[in-house]
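Asks: You'll find target_0.tsv just under this line, and it carries TSV, C-alpha atoms.
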chain	number	residue	atom	x	y	z
A	1	MET	CA	-1.28	-0.05	-53.61
A	2	ARG	CA	-2.77	2.17	-50.94
A	3	VAL	CA	-0.81	1.39	-47.81
A	4	GLY	CA	-2.52	0.98	-44.46
A	5	LEU	CA	-2.64	-1.00	-41.24
A	6	LEU	CA	-4.67	-1.42	-38.09
A	7	GLY	CA	-3.24	-0.50	-34.74
A	8	ARG	CA	-3.67	0.80	-31.28
A	9	LYS	CA	-3.00	4.18	-29.67
A	10	VAL	CA	-0.25	3.84	-27.09
A	11	GLY	CA	-0.07	7.43	-25.91
A	12	MET	CA	1.51	10.81	-26.47
A	13	THR	CA	4.94	12.07	-25.56
A	14	GLN	CA	7.61	14.33	-27.01
A	15	ILE	CA	10.93	13.77	-28.69
A	16	TYR	CA	13.70	16.17	-29.63
A	17	GLU	CA	15.12	16.88	-33.03
A	18	PRO	CA	18.89	17.31	-33.24
A	19	ASP	CA	18.49	21.09	-33.29
A	20	GLY	CA	16.57	20.98	-30.02
A	21	THR	CA	13.04	21.41	-31.35
A	22	ALA	CA	10.58	19.43	-29.25
A	23	VAL	CA	8.14	17.43	-31.39
A	24	PRO	CA	4.77	16.35	-29.95
A	25	ILE	CA	4.19	12.79	-31.07
A	26	THR	CA	1.65	10.03	-30.69
A	27	VAL	CA	3.00	6.50	-30.44
A	28	LEU	CA	0.95	3.95	-32.35
A	29	GLU	CA	1.35	0.21	-32.02
A	30	CYS	CA	0.87	-0.68	-35.66
A	31	GLY	CA	0.33	-4.22	-36.81
A	32	PRO	CA	1.28	-6.92	-37.47
A	33	CYS	CA	-1.95	-7.38	-39.39
A	34	THR	CA	-3.16	-10.46	-41.23
A	35	VAL	CA	-4.87	-10.11	-44.59
A	36	LEU	CA	-8.04	-12.09	-43.90
A	37	GLN	CA	-9.66	-11.61	-47.28
A	38	ILE	CA	-9.19	-9.72	-50.51
A	39	ARG	CA	-12.22	-8.01	-51.99
A	40	THR	CA	-12.23	-7.87	-55.75
A	41	ALA	CA	-14.28	-5.88	-58.22
A	42	GLU	CA	-15.48	-9.04	-59.97
A	43	ARG	CA	-16.91	-10.65	-56.84
A	44	ASP	CA	-17.62	-7.79	-54.44
A	45	GLY	CA	-17.84	-4.77	-56.69
A	46	TYR	CA	-14.82	-2.99	-55.19
A	47	HIS	CA	-11.19	-3.58	-54.33
A	48	ALA	CA	-10.15	-3.79	-50.68
A	49	LEU	CA	-7.98	-5.67	-48.22
A	50	GLN	CA	-9.67	-7.03	-45.14
A	51	LEU	CA	-7.18	-6.70	-42.31
A	52	GLY	CA	-7.27	-8.21	-38.83
A	53	PHE	CA	-5.36	-7.01	-35.77
A	54	ASP	CA	-4.93	-8.31	-32.23
A	55	ASP	CA	-5.70	-12.01	-31.65
A	56	LYS	CA	-8.56	-12.99	-29.45
A	57	LYS	CA	-9.35	-16.26	-27.74
A	58	ARG	CA	-10.97	-18.85	-29.95
A	59	LYS	CA	-13.64	-19.48	-27.34
A	60	SER	CA	-14.72	-15.85	-27.37
A	61	ALA	CA	-15.00	-15.80	-31.16
A	62	SER	CA	-18.15	-16.88	-32.94
A	63	LYS	CA	-18.07	-19.96	-35.10
A	64	ALA	CA	-18.40	-17.77	-38.16
A	65	GLU	CA	-15.35	-15.73	-37.12
A	66	ARG	CA	-13.35	-18.86	-36.41
A	67	GLY	CA	-14.23	-20.34	-39.78
A	68	HIS	CA	-13.45	-17.08	-41.62
A	69	CYS	CA	-10.00	-16.80	-40.03
A	70	LYS	CA	-9.29	-20.51	-40.48
A	71	LYS	CA	-9.46	-20.09	-44.24
A	72	VAL	CA	-6.22	-18.09	-44.10
A	73	ASP	CA	-4.84	-20.11	-41.16
A	74	ALA	CA	-5.05	-17.24	-38.66
A	75	GLU	CA	-6.35	-16.77	-35.13
A	76	PRO	CA	-9.65	-14.86	-34.73
A	77	LYS	CA	-9.03	-11.11	-34.54
A	78	ARG	CA	-10.41	-8.54	-32.19
A	79	PHE	CA	-10.33	-5.70	-34.73
A	80	VAL	CA	-11.20	-6.26	-38.39
A	81	ARG	CA	-11.50	-3.48	-40.96
A	82	GLU	CA	-11.32	-3.11	-44.70
A	83	LEU	CA	-8.81	-0.94	-46.46
A	84	ARG	CA	-10.12	0.28	-49.80
A	85	GLN	CA	-7.87	0.03	-52.83
A	86	ASP	CA	-8.15	1.86	-56.13
A	87	ALA	CA	-6.76	-1.08	-58.05
A	88	PRO	CA	-6.19	-4.76	-57.24
A	89	ALA	CA	-3.15	-5.15	-54.98
A	90	ALA	CA	-1.30	-7.73	-56.99
A	91	ASP	CA	1.56	-8.35	-54.59
A	92	ILE	CA	-0.67	-9.08	-51.57
A	93	LYS	CA	-1.97	-12.60	-50.89
A	94	GLU	CA	-4.70	-13.72	-48.50
A	95	GLY	CA	-3.15	-14.84	-45.20
A	96	GLN	CA	-0.12	-12.60	-45.61
A	97	THR	CA	1.10	-10.65	-42.58
A	98	LEU	CA	1.71	-6.94	-42.99
A	99	THR	CA	4.02	-5.14	-40.57
A	100	VAL	CA	4.75	-1.51	-39.88
A	101	ASP	CA	7.49	-1.67	-42.53
A	102	VAL	CA	4.84	-0.84	-45.13
A	103	PHE	CA	5.02	2.78	-43.93
A	104	ASN	CA	8.69	3.13	-44.81
A	105	GLY	CA	9.07	6.07	-47.15
A	106	ILE	CA	5.57	7.36	-46.53
A	107	LYS	CA	5.40	10.97	-45.39
A	108	GLY	CA	1.86	11.37	-44.09
A	109	VAL	CA	-0.93	9.16	-42.79
A	110	ASP	CA	-4.65	9.46	-42.06
A	111	VAL	CA	-5.71	8.04	-38.72
A	112	THR	CA	-9.29	6.93	-38.12
A	113	GLY	CA	-10.63	6.06	-34.70
A	114	THR	CA	-13.47	6.51	-32.25
A	115	SER	CA	-13.26	9.73	-30.26
A	116	LYS	CA	-13.71	9.79	-26.50
A	117	GLY	CA	-17.37	9.68	-25.52
A	118	ARG	CA	-18.65	12.73	-23.63
A	119	GLY	CA	-22.22	11.59	-22.98
A	120	PHE	CA	-25.10	14.05	-23.08
A	121	THR	CA	-23.40	17.41	-23.37
A	122	GLY	CA	-24.61	21.02	-23.25
A	123	ALA	CA	-24.48	23.41	-26.19
A	124	MET	CA	-21.42	25.24	-24.86
A	125	LYS	CA	-19.15	22.20	-24.83
A	126	ARG	CA	-20.75	20.48	-27.83
A	127	HIS	CA	-20.97	23.40	-30.27
A	128	GLY	CA	-18.82	26.08	-28.65
A	129	PHE	CA	-21.75	28.37	-27.86
A	130	LYS	CA	-20.93	31.30	-25.61
A	131	GLY	CA	-23.77	30.78	-23.12
A	132	LEU	CA	-25.56	33.64	-21.42
A	133	ARG	CA	-24.11	36.34	-19.21
A	134	ALA	CA	-22.85	35.68	-15.70
A	135	THR	CA	-24.55	38.79	-14.26
A	136	HIS	CA	-27.01	41.56	-15.32
A	137	GLY	CA	-30.10	39.70	-14.21
A	138	VAL	CA	-29.45	36.35	-15.88
A	139	LYS	CA	-31.23	33.77	-13.78
A	140	ARG	CA	-29.99	30.16	-13.75
A	141	MET	CA	-29.46	30.22	-17.53
A	142	HIS	CA	-25.72	30.86	-17.67
A	143	ARG	CA	-24.88	27.85	-19.85
A	144	HIS	CA	-28.06	27.88	-21.91
A	145	PRO	CA	-28.01	27.80	-25.72
A	146	GLY	CA	-30.33	30.84	-25.85
A	147	SER	CA	-33.06	31.15	-28.47
A	148	SER	CA	-33.65	28.35	-30.93
A	149	GLY	CA	-35.32	30.58	-33.55
A	150	PRO	CA	-38.07	33.12	-34.35
A	151	SER	CA	-41.51	32.93	-32.74
A	152	ALA	CA	-44.85	33.14	-34.51
A	153	ASP	CA	-43.70	33.23	-38.09
A	154	PRO	CA	-42.39	29.74	-38.54
A	155	SER	CA	-44.13	28.60	-35.33
A	156	ARG	CA	-41.67	25.76	-35.17
A	157	THR	CA	-37.94	25.22	-34.69
A	158	ARG	CA	-36.07	25.08	-37.96
A	159	LYS	CA	-34.27	21.86	-38.78
A	160	GLY	CA	-30.57	21.64	-38.09
A	161	ILE	CA	-30.52	23.99	-35.08
A	162	ARG	CA	-27.60	23.01	-32.88
A	163	LYS	CA	-28.76	21.77	-29.49
A	164	PRO	CA	-27.43	19.86	-26.49
A	165	GLY	CA	-27.13	16.14	-27.07
A	166	HIS	CA	-24.81	13.20	-27.31
A	167	HIS	CA	-21.23	14.24	-27.96
A	168	GLY	CA	-18.11	12.24	-28.81
A	169	ALA	CA	-17.75	8.48	-29.36
A	170	ALA	CA	-17.94	9.14	-33.10
A	171	ARG	CA	-15.77	7.98	-35.97
A	172	ILE	CA	-13.18	10.68	-36.54
A	173	THR	CA	-10.41	10.85	-39.13
A	174	VAL	CA	-7.39	13.08	-38.67
A	175	ARG	CA	-5.76	13.63	-42.01
A	176	ASN	CA	-2.17	14.03	-43.09
A	177	LEU	CA	-0.26	13.46	-39.85
A	178	LYS	CA	3.45	13.53	-40.49
A	179	VAL	CA	5.27	10.24	-39.95
A	180	GLU	CA	8.20	10.96	-37.65
A	181	ARG	CA	9.63	7.48	-37.24
A	182	VAL	CA	8.99	3.83	-38.11
A	183	ASP	CA	10.25	1.41	-35.46
A	184	ALA	CA	10.02	-2.03	-37.06
A	185	ALA	CA	11.58	-3.86	-34.10
A	186	ASN	CA	8.74	-2.88	-31.78
A	187	ASN	CA	5.97	-2.43	-34.40
A	188	LEU	CA	5.73	1.25	-33.53
A	189	LEU	CA	4.77	4.20	-35.71
A	190	LEU	CA	5.40	7.71	-34.44
A	191	VAL	CA	3.21	10.43	-35.87
A	192	ARG	CA	3.28	14.12	-35.20
A	193	GLY	CA	0.22	15.44	-33.39
A	194	ALA	CA	-2.84	13.93	-31.77
A	195	VAL	CA	-5.11	11.08	-32.89
A	196	PRO	CA	-8.72	10.42	-31.86
A	197	GLY	CA	-9.70	8.27	-28.91
A	198	ALA	CA	-8.29	7.18	-25.59
A	199	ASP	CA	-4.98	5.38	-25.06
A	200	GLY	CA	-5.40	1.73	-25.98
A	201	GLY	CA	-8.13	2.47	-28.54
A	202	TYR	CA	-8.13	0.78	-31.93
A	203	LEU	CA	-7.22	2.81	-34.98
A	204	MET	CA	-7.03	2.47	-38.71
A	205	ILE	CA	-3.92	4.04	-40.17
A	206	SER	CA	-3.58	4.55	-43.89
A	207	GLN	CA	-1.48	6.46	-46.33
A	208	THR	CA	-2.90	9.96	-46.61
A	209	ASN	CA	-5.03	10.99	-49.55
A	210	VAL	CA	-4.17	14.65	-49.07
A	211	VAL	CA	-2.39	15.88	-52.18
A	212	GLY	CA	0.93	17.69	-51.78
B	1	MET	CA	6.48	5.54	-16.56
B	2	ARG	CA	3.52	3.27	-17.07
B	3	ASN	CA	3.99	2.15	-20.64
B	4	LYS	CA	6.98	0.26	-21.96
B	5	PHE	CA	6.46	1.44	-25.55
B	6	LEU	CA	6.40	5.07	-24.48
B	7	GLU	CA	9.54	4.45	-22.45
B	8	LEU	CA	11.25	2.91	-25.46
B	9	VAL	CA	10.41	5.93	-27.56
B	10	GLU	CA	11.45	8.41	-24.92
B	11	GLU	CA	14.76	6.68	-24.30
B	12	THR	CA	15.83	7.54	-27.82
B	13	SER	CA	15.47	11.25	-27.04
B	14	MET	CA	16.97	11.21	-23.56
B	15	LYS	CA	20.56	11.95	-22.61
B	16	SER	CA	22.42	8.93	-21.30
B	17	THR	CA	24.46	11.01	-18.88
B	18	LEU	CA	22.68	13.87	-17.20
B	19	PRO	CA	24.57	16.73	-15.63
B	20	LYS	CA	24.50	16.26	-11.86
B	21	PHE	CA	23.01	19.08	-9.82
B	22	GLU	CA	20.58	19.45	-6.94
B	23	ILE	CA	17.87	21.84	-5.86
B	24	GLY	CA	19.45	24.92	-4.29
B	25	ASP	CA	22.64	24.70	-6.33
B	26	THR	CA	23.92	27.79	-8.05
B	27	VAL	CA	24.62	26.69	-11.60
B	28	ASP	CA	25.83	27.89	-14.98
B	29	VAL	CA	23.51	26.59	-17.68
B	30	HIS	CA	25.26	26.38	-21.04
B	31	VAL	CA	22.68	26.98	-23.76
B	32	ARG	CA	23.48	26.43	-27.43
B	33	ILE	CA	22.31	29.36	-29.54
B	34	LEU	CA	22.15	29.39	-33.31
B	35	GLU	CA	22.89	32.68	-34.97
B	36	GLY	CA	22.48	32.24	-38.68
B	37	ASP	CA	24.61	29.16	-39.22
B	38	LYS	CA	26.99	29.89	-36.36
B	39	GLU	CA	26.58	28.22	-33.03
B	40	ARG	CA	27.64	29.75	-29.76
B	41	ILE	CA	27.13	29.03	-26.09
B	42	GLN	CA	25.26	31.40	-23.82
B	43	ILE	CA	25.51	31.01	-20.08
B	44	PHE	CA	22.60	31.55	-17.72
B	45	ASN	CA	23.66	31.69	-14.09
B	46	GLY	CA	21.29	31.25	-11.15
B	47	VAL	CA	19.84	29.06	-8.43
B	48	VAL	CA	17.98	25.84	-9.30
B	49	ILE	CA	14.62	26.25	-7.56
B	50	ALA	CA	12.60	23.38	-9.02
B	51	ARG	CA	12.70	20.22	-11.06
B	52	SER	CA	9.51	18.93	-12.62
B	53	GLY	CA	8.18	16.37	-15.05
B	54	SER	CA	9.51	13.01	-16.06
B	55	GLY	CA	10.96	11.33	-19.10
B	56	THR	CA	11.71	13.61	-22.05
B	57	ARG	CA	9.54	16.33	-20.54
B	58	GLU	CA	11.65	16.76	-17.41
B	59	MET	CA	12.39	20.45	-16.79
B	60	PHE	CA	14.34	22.48	-14.27
B	61	THR	CA	13.85	26.08	-13.25
B	62	VAL	CA	16.73	28.48	-12.65
B	63	ARG	CA	16.20	31.80	-10.88
B	64	ARG	CA	18.46	34.78	-10.76
B	65	ILE	CA	18.20	38.47	-9.94
B	66	VAL	CA	18.95	40.82	-12.85
B	67	GLN	CA	19.10	44.52	-11.98
B	68	GLY	CA	16.88	44.01	-8.96
B	69	GLU	CA	14.31	42.06	-10.95
B	70	GLY	CA	13.82	38.34	-10.47
B	71	VAL	CA	14.22	36.32	-13.69
B	72	GLU	CA	13.32	32.66	-14.01
B	73	ARG	CA	14.10	30.39	-16.91
B	74	LYS	CA	12.81	26.87	-17.35
B	75	PHE	CA	14.99	24.45	-19.29
B	76	PRO	CA	14.21	20.98	-20.63
B	77	ILE	CA	16.94	18.76	-19.17
B	78	HIS	CA	17.06	16.43	-22.16
B	79	SER	CA	17.05	19.10	-24.85
B	80	PRO	CA	20.09	18.96	-27.13
B	81	ARG	CA	20.27	22.73	-26.74
B	82	ILE	CA	21.36	22.39	-23.12
B	83	ALA	CA	25.07	21.77	-23.58
B	84	ASP	CA	26.03	21.54	-19.92
B	85	VAL	CA	25.06	22.47	-16.38
B	86	VAL	CA	28.01	23.39	-14.16
B	87	VAL	CA	27.53	23.57	-10.40
B	88	LYS	CA	29.22	26.66	-9.02
B	89	ARG	CA	28.06	26.46	-5.43
B	90	SER	CA	25.78	24.12	-3.52
B	91	GLY	CA	23.03	25.49	-1.29
B	92	LYS	CA	21.74	23.96	1.90
B	93	VAL	CA	17.99	23.52	1.41
B	94	ARG	CA	15.25	21.40	2.98
B	95	ARG	CA	12.67	21.59	0.20
B	96	ALA	CA	12.30	20.22	-3.34
B	97	LYS	CA	10.74	23.45	-4.61
B	98	LEU	CA	12.24	26.75	-3.53
B	99	TYR	CA	9.32	28.94	-4.54
B	100	TYR	CA	9.64	30.81	-1.25
B	101	LEU	CA	12.66	32.57	-2.76
B	102	ARG	CA	10.29	34.52	-5.00
B	103	GLU	CA	8.95	36.45	-2.04
B	104	ARG	CA	12.38	37.33	-0.77
B	105	SER	CA	14.75	40.02	-1.86
B	106	GLY	CA	18.20	41.28	-1.03
B	107	LYS	CA	20.17	39.38	1.56
B	108	ALA	CA	17.29	37.03	2.36
B	109	VAL	CA	17.72	35.34	-1.01
B	110	ARG	CA	21.05	33.85	-0.01
B	111	LEU	CA	21.21	30.16	0.75
B	112	LYS	CA	23.64	28.64	3.23
B	113	GLU	CA	26.39	26.84	1.45
B	114	ARG	CA	26.52	23.09	1.54
B	115	TYR	CA	29.87	21.39	1.16
B	116	PRO	CA	29.21	18.12	-0.59
B	117	ALA	CA	31.20	15.17	0.74
B	118	THR	CA	34.24	14.78	-1.42
B	119	LYS	CA	35.72	11.96	0.66
B	120	SER	CA	34.27	8.48	0.85
B	121	VAL	CA	32.64	7.22	4.06
B	122	ALA	CA	35.64	5.02	4.85
B	123	GLU	CA	37.99	7.95	4.45
B	124	GLN	CA	35.83	10.09	6.70
B	125	LYS	CA	35.81	7.40	9.40
B	126	ALA	CA	39.57	7.02	9.21
B	127	ALA	CA	40.02	10.77	9.52
B	128	LYS	CA	37.72	10.89	12.53
B	129	ALA	CA	39.57	8.04	14.26
B	130	GLU	CA	42.87	9.80	13.59
B	131	ARG	CA	41.61	13.06	15.10
B	132	ARG	CA	40.33	11.19	18.13
B	133	ALA	CA	43.65	9.39	18.63
B	134	ALA	CA	45.54	12.68	18.37
B	135	LYS	CA	43.26	14.26	20.96
B	136	ARG	CA	43.71	11.30	23.29
B	137	SER	CA	47.48	11.32	23.09
B	138	LYS	CA	47.47	15.08	23.62
B	139	ALA	CA	45.30	14.69	26.73
B	140	ALA	CA	47.56	11.92	28.01
B	141	ALA	CA	50.59	14.12	27.49
B	142	ALA	CA	48.90	16.99	29.37
B	143	LYS	CA	48.01	14.63	32.21
B	144	ALA	CA	51.57	13.38	32.44
B	145	GLU	CA	52.77	16.99	32.56
B	146	THR	CA	50.48	17.93	35.45
B	147	ALA	CA	51.53	14.77	37.30
B	148	ASN	CA	55.14	15.84	36.98
Let's see the structure in the file written out as structure tokens.
Replies:
Amino acid sequence: MRVGLLGRKVGMTQIYEPDGTAVPITVLECGPCTVLQIRTAERDGYHALQLGFDDKKRKSASKAERGHCKKVDAEPKRFVRELRQDAPAADIKEGQTLTVDVFNGIKGVDVTGTSKGRGFTGAMKRHGFKGLRATHGVKRMHRHPGSSGPSADPSRTRKGIRKPGHHGAARITVRNLKVERVDAANNLLLVRGAVPGADGGYLMISQTNVVG
Amino acid sequence: MRNKFLELVEETSMKSTLPKFEIGDTVDVHVRILEGDKERIQIFNGVVIARSGSGTREMFTVRRIVQGEGVERKFPIHSPRIADVVVKRSGKVRRAKLYYLRERSGKAVRLKERYPATKSVAEQKAAKAERRAAKRSKAAAAKAETAN
């Protein structure tokens, strides 16, 4: 079974290893998640677990959500995602609760979330362009992207030219973050390094598919 | 800190008993150093000029003069590599950050010594009352002598 859970980013801090090395870690509040539905190849064409995290008020859930969760005797969830499986997960039943314990013995995880939104952003911040010069006659064009292509020959801008535009607030996956600690008592998972999004943002955490 | 989960995590990496020292103290910092598989302790001596950060990231800065050149080292308080901090002398200071020492050299770098209270408040009061009584009896004796 491919192991995974839904969770929330708590924030970053650092811990020390016994030899004094400081480790930058992100604390994730991971689970408990309810298995709301199991997708099977026969019925849905693929295998997956539909997980739900973080209860929400019944009155703020739609009737469809309430009915869906009632089937497995659970409260409506704020965050629902599917975790794809390569094969049917035989030991998992609908309505079962998964806790952070599932990550015991797992070395690395992939974390998927929504990155911080930056709004409409210039080419320098969005694509790392260098901009124009600060002096030598440059006039009010210091952060410009420069030319967007040749002139008369194509007589148009080629497709795929990087331009200013909306930046951030996209689905980002960081792969193979090392699991530093699993704290089952507080439902916490400590991973080494940064994860996408702001503190408090929802995340999907799954066993890494990076080999080796 | 603002988040209880972060606090929980940081507590596991923090020392339960921190060495006690204040800004302006001259201290010996005992640093564990690994050489191959042998561990030894190196001592860095100097004046604590700043303390910054919170939680596991709390740091303190120690400044000393080596061969006429100012040297500053910043240590993480909670690091397992900091074996101990021994106060050698306490300085009388009125600031939390002694960055003004960087602009000074020679004799101006010295800080006035502060003698931390070793006696309790009650003991100090008793001592004061005793001194006062002694003074009074002495004065009375002197008065009696002049009267005679």
Asks: Within 6 Å of chain B, which residues of chain A come that close, and what is the closest atom pair and distance in Å for each? Count all atoms listed in the file and give it as JSON lines.
Replies:
{"residue": "A:Ile15", "atom": "CA", "partner": "B:Ser13", "partner_atom": "CA", "distance": 5.4}
{"residue": "A:Tyr16", "atom": "CA", "partner": "B:Ser13", "partner_atom": "CA", "distance": 5.8}
{"residue": "A:Gly20", "atom": "CA", "partner": "B:Pro80", "partner_atom": "CA", "distance": 5.0}
Asks: Can you tell me, as a list in words, what residues are no more than 10 Å from Ile77 in chain B when counting only C-alpha atoms, ignoring any on the same chain fewer than 4 positions away?
Replies: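 Listed by chain and then number, they are Met14, Lys15, Leu18, Pro19, Arg51, Ser52, Gly53, Ser54, Gly55, Thr56, Arg57, Glu58, Met59, Phe60, Thr61, Arg81, Ile82, Ala83, Asp84 and Val85 of chain B.
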Asks: Could you name the residues that touch Glu82 in chain A at 9 Å or less, counting all atoms listed in the file, but leaving out those on the same chain fewer than 6 positions away, as a list in words?
Replies: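 Contacts, in chain order: Arg39, Ala48, Leu49, Gln50, Leu51 and Gly52 of chain A.
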Asks: Around (-17.9, 9.9, -24.2), as given in the file, which residues come within 12 Å? Count all atoms listed in the file and list them as a short mmCIF file (atom, residue, chain, number, x, y, z; two decimals) with C-alpha atoms, in the coordinates of the input.
Replies:
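Output contents, as saved in out-v2.cif:
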data_model
loop_
_atom_site.label_atom_id
_atom_site.label_comp_id
_atom_site.auth_asym_id
_atom_site.auth_seq_id
_atom_site.Cartn_x
_atom_site.Cartn_y
_atom_site.Cartn_z
CA THR A 114 -13.47 6.51 -32.25
CA SER A 115 -13.26 9.73 -30.26
CA LYS A 116 -13.71 9.79 -26.50
CA GLY A 117 -17.37 9.68 -25.52
CA ARG A 118 -18.65 12.73 -23.63
CA GLY A 119 -22.22 11.59 -22.98
CA PHE A 120 -25.10 14.05 -23.08
CA THR A 121 -23.40 17.41 -23.37
CA ARG A 126 -20.75 20.48 -27.83
CA GLY A 165 -27.13 16.14 -27.07
CA HIS A 166 -24.81 13.20 -27.31
CA HIS A 167 -21.23 14.24 -27.96
CA GLY A 168 -18.11 12.24 -28.81
CA ALA A 169 -17.75 8.48 -29.36
CA ALA A 170 -17.94 9.14 -33.10
CA PRO A 196 -8.72 10.42 -31.86
CA GLY A 197 -9.70 8.27 -28.91
CA ALA A 198 -8.29 7.18 -25.59
#
Asks: To one decimal in Å, tell me the separation between CA of His144 in chain A and CA of Arg158 in chain A.
Replies: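 Going from CA of His144 in chain A over to CA of Arg158 in chain A covers 18.2 Å.
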Asks: Quick one: pull the distance between CA of Leu6 in chain A and CA of Gly200 in chain A, Å, one decimal.
Replies: 12.5 Å
Asks: I'd like the interatomic distance between CA of Ala64 in chain A and CA of Arg81 in chain A, to a tenth of an Å.
Replies: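 Separation of CA of Ala64 in chain A and CA of Arg81 in chain A: 16.1 Å.
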Asks: Please provide as a list in words all residues within 12 Å of Gly68 in chain B, with the sequence filter that same-chain residues fewer than 5 positions apart are discarded (counting all atoms listed in the file).
Replies: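 Contacts, with the query itself left out: Arg104, Ser105, Gly106, Lys107 and Val109 of chain B.
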Asks: Mind checking which residues fall within 9 Å of Lys107 in chain A, counting only C-alpha atoms, ignoring those fewer than 5 positions away in the same chain, and posting them as a ChimeraX atom specification?
Replies: /A:176-180,207-208
Asks: Residues at most 8 Å from Glu72 in chain B, counting all atoms listed in the file, excluding those fewer than 2 positions away in the same chain, as a ChimeraX atom specification?
Replies: /B:61-64,70,74
Asks: Smallest atom-to-atom distance to Thr34 in chain A: which of A:Lys57, A:Lys159, A:Arg78, A:His127, using all atoms listed in the file?
Replies: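 Nearest candidate to Thr34 in chain A out of A:Lys57, A:Lys159, A:Arg78, A:His127: A:Arg78.
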Asks: Go through A:Asn187, A:Val195, A:Gly105, A:Gly11 and flag the residue nearest Arg171 in chain A, using all atoms listed in the file for the distances.
Replies: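 Using all atoms listed in the file, Arg171 in chain A sits closest to A:Val195.
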Asks: May I have the residues at most 8 Å from (-2.0, 11.6, -48.9) in the file's coordinates, counting all atoms listed in the file, as a ChimeraX atom specification?
Replies: /A:108-110,176,207-212
